[in-house]
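J.: I have a structure here, written as structure tokens, and I will follow up with some questions on it.
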Amino acid sequence: MEHLIRSFTRVICKLDNVDELIASFPELEKSAPSDPSFLTEENRRRLLDFPGPDIQLTNIAASTSLKTPKELTDAELNLLKERYWLGLSLEENKARSKARTQGSAALLAVSEEYFGQITSQLKKIREPLYEENEAEAIENAEQEYVRRLIQQAMGPQDAAQTALAKARPWVRRLREENKGREAWGYAIFLQPVFDSDEEKEDYLSRRDAVLFHARGALCCGDTLGARWKLQRLEWPADAVCEGESLMQRFQKLRERFRGIRDQAPEKQKTSNSSEPQRGGLLDGILRNVVLVIDQDSVDSVMLRKGDVNGMWVWALDPDYDSEPSSLEDDHGVEYRGYLRVQLKQLVNNFFEARRFHEDEYPMKKLWEAARGCKNQAFISAKDESVYQSS
């Protein structure tokens, strides 16, 4: 949170002392959601990063009546986007821009997930402090500002349609079916194999960077890209026992996943997420596969820095039934309900196969295709020349 506070306009304009605001923030955060009336007007403005009331009223008066986002004049749009701050000096604008860039970079250096967590935390703190419809008006203005920038850069052609025209057919189909309402992605088990939180965050940041660039290569657009999700599931306490085979461990994870996936919606009481769910999974999360990250898949990322094509994760068929006598590892000679998947293909060929071609390409076929790939990690089920060039 400290990185975001340093970019507050009130701090840049020296209305608030940054060290004092950082020190008092935990107490302000605690009182804001539970009892907004407890906050003084000054503290409310400090949390919202608004100017003083006189400056705010003057700046509002300098703009005309507020309308729908597309009807806003540039002056009205700027008023809301800047949270009622107008007339900053060149030095103040430069300082604020630098602080915002450095703050975002520091959070993203940990991981995309951490960046989203901290920005969502600040948004949640501020929600009860706005006037009616004020938060929505500011958010709409920010989105409209970006839309106009893109439109200006590209001319009359709509930027989203241009990007979509370059996307693969399954991406266009997903966008059409999704309409930006659902997540798309996987449930995932992350084995606790890290010696420290720093080591864990290092792995997650590298993994997320690969997936971020892979999504960019898809030309899926900002709206669909932002809905990408890896839904973390709790690693079962008994999932790793001394002397057990990989098959035995994966069977425990299958059973755990099916228990979560097949919950009746009315029985969900443990999730803090506001996103819609079916059973224990978010809407849009694939139900016919679950990912697993263990020490071997972590090593494929941490020990192969720069070798993106050598990074992979495990993918399990949750509905594969193992006979007790077949739970011993067979070193990949027979299909046993799991395979490796190249990391960047999680947002490309593998997702397409599981989302749109489950009948045509069941998991066994994907396993067969993976056997010819680098590290026996799935790349594609269609073009065997890819395997030879990998």
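Just so we're on the same page: first chain in the structure tokens is A, next is B, and so on; residues restart at 1 for each chain, and ligands are numbered from 1 in the order they show up.
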So that I can check the surroundings of region 199-206 of chain A, please list as a PDB file with N, CA and C atoms, in the first residue's frame every protein, DNA and RNA residue that reaches within 9 Å of it, counting only C-alpha atoms and ignoring chain neighbours fewer than 3 positions away.
T.:
```
ATOM      1  N   LEU A 108       4.002  -4.920  -9.299  1.00  0.00           N
ATOM      2  CA  LEU A 108       4.037  -5.929 -10.355  1.00  0.00           C
ATOM      3  C   LEU A 108       5.285  -6.786 -10.281  1.00  0.00           C
ATOM      4  N   ALA A 109       6.352  -6.245  -9.688  1.00  0.00           N
ATOM      5  CA  ALA A 109       7.588  -7.018  -9.541  1.00  0.00           C
ATOM      6  C   ALA A 109       7.371  -8.217  -8.624  1.00  0.00           C
ATOM      7  N   VAL A 110       6.389  -8.107  -7.730  1.00  0.00           N
ATOM      8  CA  VAL A 110       6.040  -9.252  -6.878  1.00  0.00           C
ATOM      9  C   VAL A 110       5.235 -10.252  -7.704  1.00  0.00           C
ATOM     10  N   SER A 111       4.092  -9.799  -8.225  1.00  0.00           N
ATOM     11  CA  SER A 111       3.293 -10.614  -9.142  1.00  0.00           C
ATOM     12  C   SER A 111       2.066  -9.812  -9.555  1.00  0.00           C
ATOM     13  N   GLU A 112       1.432 -10.220 -10.664  1.00  0.00           N
ATOM     14  CA  GLU A 112       0.176  -9.591 -11.083  1.00  0.00           C
ATOM     15  C   GLU A 112      -0.889  -9.770 -10.008  1.00  0.00           C
ATOM     16  N   GLU A 113      -0.886 -10.931  -9.392  1.00  0.00           N
ATOM     17  CA  GLU A 113      -1.869 -11.230  -8.354  1.00  0.00           C
ATOM     18  C   GLU A 113      -1.730 -10.266  -7.181  1.00  0.00           C
ATOM     19  N   PRO A 192       3.203 -26.680  -1.448  1.00  0.00           N
ATOM     20  CA  PRO A 192       4.046 -25.811  -0.608  1.00  0.00           C
ATOM     21  C   PRO A 192       5.489 -26.310  -0.565  1.00  0.00           C
ATOM     22  N   VAL A 193       6.246 -26.030  -1.621  1.00  0.00           N
ATOM     23  CA  VAL A 193       7.625 -26.515  -1.732  1.00  0.00           C
ATOM     24  C   VAL A 193       8.654 -25.406  -1.540  1.00  0.00           C
ATOM     25  N   PHE A 194       8.196 -24.196  -1.216  1.00  0.00           N
ATOM     26  CA  PHE A 194       9.097 -23.050  -1.154  1.00  0.00           C
ATOM     27  C   PHE A 194       9.687 -22.884   0.252  1.00  0.00           C
ATOM     28  N   ASP A 195      10.958 -22.480   0.295  1.00  0.00           N
ATOM     29  CA  ASP A 195      11.640 -22.299   1.575  1.00  0.00           C
ATOM     30  C   ASP A 195      11.300 -20.965   2.233  1.00  0.00           C
ATOM     31  N   SER A 196      10.790 -20.012   1.440  1.00  0.00           N
ATOM     32  CA  SER A 196      10.473 -18.686   1.983  1.00  0.00           C
ATOM     33  C   SER A 196       9.405 -18.037   1.123  1.00  0.00           C
ATOM     34  N   ALA A 209       4.562 -13.521 -15.506  1.00  0.00           N
ATOM     35  CA  ALA A 209       5.115 -12.739 -16.617  1.00  0.00           C
ATOM     36  C   ALA A 209       5.011 -13.517 -17.928  1.00  0.00           C
ATOM     37  N   VAL A 210       5.295 -14.815 -17.884  1.00  0.00           N
ATOM     38  CA  VAL A 210       5.180 -15.650 -19.081  1.00  0.00           C
ATOM     39  C   VAL A 210       3.733 -15.676 -19.572  1.00  0.00           C
ATOM     40  N   LEU A 211       2.799 -15.858 -18.646  1.00  0.00           N
ATOM     41  CA  LEU A 211       1.386 -15.931 -19.023  1.00  0.00           C
ATOM     42  C   LEU A 211       0.868 -14.580 -19.513  1.00  0.00           C
ATOM     43  N   VAL A 298       8.081 -26.205 -10.700  1.00  0.00           N
ATOM     44  CA  VAL A 298       8.732 -24.978 -10.218  1.00  0.00           C
ATOM     45  C   VAL A 298      10.149 -24.897 -10.781  1.00  0.00           C
ATOM     46  N   VAL A 301      10.726 -23.578 -14.250  1.00  0.00           N
ATOM     47  CA  VAL A 301      10.690 -22.122 -14.394  1.00  0.00           C
ATOM     48  C   VAL A 301      11.937 -21.482 -13.793  1.00  0.00           C
ATOM     49  N   MET A 302      12.291 -21.894 -12.585  1.00  0.00           N
ATOM     50  CA  MET A 302      13.374 -21.228 -11.854  1.00  0.00           C
ATOM     51  C   MET A 302      14.765 -21.604 -12.371  1.00  0.00           C
ATOM     52  N   LYS A 305      15.770 -20.018 -16.630  1.00  0.00           N
ATOM     53  CA  LYS A 305      15.504 -18.593 -16.837  1.00  0.00           C
ATOM     54  C   LYS A 305      15.817 -18.207 -18.285  1.00  0.00           C
TER      55      LYS A 305
END
```
J.: Excluding region 165-178 of chain A and residues on its chain fewer than 5 positions from it, collect all residues at most 9 Å away from it, counting only C-alpha atoms, and give them as a list in words.
T.: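 Returned residues: Ala160, Ala183, Trp184, Ala217, Leu218, Cys219, Cys220, Thr223, Leu224, Gly284, Asn348, Glu352 and Phe356 of chain A.
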J.: Output the selection as a PDB file, in the first residue's frame - N, CA and C atoms for each residue.
T.:
```pdb
ATOM      1  N   ALA A 160     -10.600  -2.081 -30.554  1.00  0.00           N
ATOM      2  CA  ALA A 160     -10.918  -3.429 -30.096  1.00  0.00           C
ATOM      3  C   ALA A 160     -11.181  -4.364 -31.272  1.00  0.00           C
ATOM      4  N   ALA A 183     -14.866 -15.149 -15.736  1.00  0.00           N
ATOM      5  CA  ALA A 183     -13.452 -15.467 -15.771  1.00  0.00           C
ATOM      6  C   ALA A 183     -13.203 -16.535 -16.829  1.00  0.00           C
ATOM      7  N   TRP A 184     -11.963 -16.699 -17.225  1.00  0.00           N
ATOM      8  CA  TRP A 184     -11.565 -17.849 -18.042  1.00  0.00           C
ATOM      9  C   TRP A 184     -10.199 -18.292 -17.534  1.00  0.00           C
ATOM     10  N   ALA A 217       0.114 -11.993 -26.866  1.00  0.00           N
ATOM     11  CA  ALA A 217       0.313 -12.544 -28.208  1.00  0.00           C
ATOM     12  C   ALA A 217      -0.990 -13.057 -28.813  1.00  0.00           C
ATOM     13  N   LEU A 218      -1.977 -13.345 -27.964  1.00  0.00           N
ATOM     14  CA  LEU A 218      -3.272 -13.834 -28.455  1.00  0.00           C
ATOM     15  C   LEU A 218      -4.131 -12.737 -29.067  1.00  0.00           C
ATOM     16  N   CYS A 219      -3.785 -11.455 -28.774  1.00  0.00           N
ATOM     17  CA  CYS A 219      -4.615 -10.321 -29.219  1.00  0.00           C
ATOM     18  C   CYS A 219      -6.041 -10.447 -28.673  1.00  0.00           C
ATOM     19  N   CYS A 220      -6.159 -10.855 -27.411  1.00  0.00           N
ATOM     20  CA  CYS A 220      -7.497 -11.063 -26.852  1.00  0.00           C
ATOM     21  C   CYS A 220      -8.123  -9.764 -26.330  1.00  0.00           C
ATOM     22  N   THR A 223     -10.187  -6.294 -22.105  1.00  0.00           N
ATOM     23  CA  THR A 223     -11.332  -6.778 -21.325  1.00  0.00           C
ATOM     24  C   THR A 223     -11.240  -8.271 -21.066  1.00  0.00           C
ATOM     25  N   LEU A 224     -11.023  -9.041 -22.134  1.00  0.00           N
ATOM     26  CA  LEU A 224     -10.909 -10.484 -21.976  1.00  0.00           C
ATOM     27  C   LEU A 224      -9.633 -10.853 -21.231  1.00  0.00           C
ATOM     28  N   GLY A 284     -16.724 -19.910 -15.465  1.00  0.00           N
ATOM     29  CA  GLY A 284     -15.716 -19.752 -16.508  1.00  0.00           C
ATOM     30  C   GLY A 284     -14.457 -20.555 -16.262  1.00  0.00           C
ATOM     31  N   ASN A 348      -3.358 -20.773 -24.606  1.00  0.00           N
ATOM     32  CA  ASN A 348      -3.457 -20.888 -26.051  1.00  0.00           C
ATOM     33  C   ASN A 348      -4.003 -22.268 -26.437  1.00  0.00           C
ATOM     34  N   GLU A 352      -7.734 -23.923 -25.594  1.00  0.00           N
ATOM     35  CA  GLU A 352      -8.668 -24.140 -26.710  1.00  0.00           C
ATOM     36  C   GLU A 352      -9.147 -25.584 -26.744  1.00  0.00           C
ATOM     37  N   PHE A 356     -13.071 -25.929 -26.014  1.00  0.00           N
ATOM     38  CA  PHE A 356     -13.921 -26.029 -27.206  1.00  0.00           C
ATOM     39  C   PHE A 356     -13.866 -27.376 -27.919  1.00  0.00           C
TER      40      PHE A 356
END
```
J.: Between A:Arg256, A:Lys14, A:Lys344, A:Arg207, which one has atoms that come closest to Asp299 (chain A), using only C-alpha atoms?
T.: A:Arg207
J.: Pick out the residues sitting within 12 Å of Glu131 (chain A), and hand them over as JSON, numbers by chain; count only C-alpha atoms, and ignore anything fewer than 3 positions along from it in its own chain.
T.: {"A": [36, 44, 45, 48, 126, 127, 128, 134, 135, 136, 137, 138]}
J.: Per DSSP on the backbone, what are the helix (DSSP H, G or I) residues of region 94-232 of chain A, as a ChimeraX atom specification?
T.: /A:94-110,112-129,134-154,159-166,169-178,197-218,221-226
J.: Output C-alpha atoms for every residue in the selection just made, as a compact mmCIF listing (two decimals), in the first residue's frame.
T.:
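Full text of selection-v6.txt as output:
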```txt
# COMPACT_ATOMS: atom_id res chain seq x y z
CA LYS A 94 5.93 14.90 -13.33
CA ALA A 95 6.36 13.90 -9.69
CA ARG A 96 2.95 12.22 -9.56
CA SER A 97 3.54 10.35 -12.83
CA LYS A 98 6.91 9.13 -11.58
CA ALA A 99 5.45 8.01 -8.24
CA ARG A 100 2.61 6.12 -9.97
CA THR A 101 4.99 4.38 -12.37
CA GLN A 102 7.38 3.38 -9.59
CA GLY A 103 4.53 2.21 -7.35
CA SER A 104 2.96 0.04 -10.04
CA ALA A 105 6.34 -1.41 -11.01
CA ALA A 106 7.13 -2.32 -7.39
CA LEU A 107 3.82 -4.16 -6.98
CA LEU A 108 4.04 -5.93 -10.35
CA ALA A 109 7.59 -7.02 -9.54
CA VAL A 110 6.04 -9.25 -6.88
CA GLU A 112 0.18 -9.59 -11.08
CA GLU A 113 -1.87 -11.23 -8.35
CA TYR A 114 -0.24 -9.05 -5.67
CA PHE A 115 -0.79 -5.90 -7.75
CA GLY A 116 -4.48 -6.76 -8.08
CA GLN A 117 -4.75 -7.56 -4.38
CA ILE A 118 -3.33 -4.21 -3.21
CA THR A 119 -5.27 -2.06 -5.69
CA SER A 120 -8.48 -3.94 -4.82
CA GLN A 121 -7.77 -3.36 -1.13
CA LEU A 122 -7.56 0.40 -1.69
CA LYS A 123 -10.73 0.35 -3.80
CA LYS A 124 -12.61 -1.54 -1.06
CA ILE A 125 -11.48 0.97 1.59
CA ARG A 126 -12.73 3.88 -0.49
CA GLU A 127 -16.11 2.42 -1.54
CA PRO A 128 -18.20 3.53 1.49
CA LEU A 129 -16.67 7.03 1.47
CA GLU A 134 -19.45 9.09 -7.39
CA ALA A 135 -17.21 6.02 -7.53
CA GLU A 136 -18.90 4.78 -10.70
CA ALA A 137 -18.60 8.22 -12.32
CA ILE A 138 -14.86 8.37 -11.63
CA GLU A 139 -14.27 4.81 -12.85
CA ASN A 140 -16.31 5.42 -16.00
CA ALA A 141 -14.34 8.59 -16.69
CA GLU A 142 -11.02 6.73 -16.38
CA GLN A 143 -12.21 4.05 -18.82
CA GLU A 144 -13.57 6.63 -21.26
CA TYR A 145 -10.28 8.53 -21.15
CA VAL A 146 -8.37 5.38 -22.18
CA ARG A 147 -10.91 4.64 -24.90
CA ARG A 148 -10.47 8.11 -26.39
CA LEU A 149 -6.68 7.85 -26.28
CA ILE A 150 -6.80 4.56 -28.20
CA GLN A 151 -9.31 5.96 -30.67
CA GLN A 152 -7.13 9.02 -31.29
CA ALA A 153 -4.06 6.86 -31.84
CA MET A 154 -5.82 4.55 -34.29
CA ALA A 159 -9.21 -0.44 -31.67
CA ALA A 160 -10.92 -3.43 -30.10
CA GLN A 161 -12.19 -4.70 -33.45
CA THR A 162 -8.74 -4.27 -34.99
CA ALA A 163 -7.13 -6.32 -32.24
CA LEU A 164 -9.87 -8.93 -32.43
CA ALA A 165 -9.38 -9.31 -36.19
CA LYS A 166 -5.83 -10.53 -35.50
CA PRO A 169 -10.95 -17.95 -34.12
CA TRP A 170 -11.33 -19.57 -30.69
CA VAL A 171 -10.37 -16.26 -29.00
CA ARG A 172 -13.08 -14.43 -30.95
CA ARG A 173 -15.55 -17.17 -30.01
CA LEU A 174 -14.58 -16.94 -26.33
CA ARG A 175 -14.96 -13.17 -26.39
CA GLU A 176 -18.39 -13.45 -28.01
CA GLU A 177 -19.61 -16.05 -25.52
CA ASN A 178 -17.96 -14.41 -22.53
CA ASP A 197 7.78 -16.25 0.91
CA GLU A 198 10.39 -14.46 -1.20
CA GLU A 199 11.15 -17.66 -3.13
CA LYS A 200 7.45 -18.26 -3.68
CA GLU A 201 6.83 -14.72 -4.93
CA ASP A 202 9.86 -14.99 -7.25
CA TYR A 203 8.37 -18.08 -8.86
CA LEU A 204 4.87 -16.57 -9.14
CA SER A 205 6.19 -13.36 -10.70
CA ARG A 206 8.14 -15.32 -13.35
CA ARG A 207 5.17 -17.58 -14.06
CA ASP A 208 2.75 -14.66 -14.31
CA ALA A 209 5.12 -12.74 -16.62
CA VAL A 210 5.18 -15.65 -19.08
CA LEU A 211 1.39 -15.93 -19.02
CA PHE A 212 0.96 -12.15 -19.36
CA HIS A 213 3.05 -12.02 -22.55
CA ALA A 214 1.34 -15.15 -23.87
CA ARG A 215 -2.06 -13.47 -23.46
CA GLY A 216 -0.74 -10.40 -25.25
CA ALA A 217 0.31 -12.54 -28.21
CA LEU A 218 -3.27 -13.83 -28.46
CA GLY A 221 -7.88 -7.42 -25.81
CA ASP A 222 -7.82 -5.75 -22.40
CA THR A 223 -11.33 -6.78 -21.33
CA LEU A 224 -10.91 -10.48 -21.98
CA GLY A 225 -7.29 -10.44 -20.85
CA ALA A 226 -8.28 -8.94 -17.50
```
J.: Running DSSP on the backbone, which parts of region 131-376 of chain A land in strand (DSSP E), as an MDAnalysis selection string?
T.: chainID A and resid 184:190 228:233 277:278 281:282 290:293 312:316 338:342
J.: Excluding Asn288 (chain A) and residues on its chain fewer than 4 positions from it, collect all residues at most 10 Å away from it, counting only C-alpha atoms, and give them as a PyMOL selection string.
T.: chain A and resi 186-187+258+261+316-319+354-355+358+362-363
J.: My list of candidates is A:Asp283, A:Ser89, A:Leu343, A:Ala369. Which is closest to Asp307 (chain A) when distances are computed with only C-alpha atoms?
T.: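 Closest candidate: A:Leu343.
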J.: To one decimal place in Å, what is the distance between CA of Pro26 (chain A) and CA of Glu2 (chain A)?
T.: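 Answer for the CA of Pro26 (chain A) to CA of Glu2 (chain A) separation: 10.8 Å.
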J.: What's the 12 Å shell around Arg254 (chain A), counting only C-alpha atoms, without same-chain residues fewer than 2 positions away, as number ranges by chain?
T.: A: 187-189, 233, 235-236, 239, 247-252, 256-262, 287-292, 315-322, 337-338
J.: Hey, which of A:Gln231, A:Asn43, A:Ser380, A:Gln263 ends up closest to Asp16 (chain A)? Count only C-alpha atoms.
T.: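 Using only C-alpha atoms, Asp16 (chain A) sits closest to A:Asn43.
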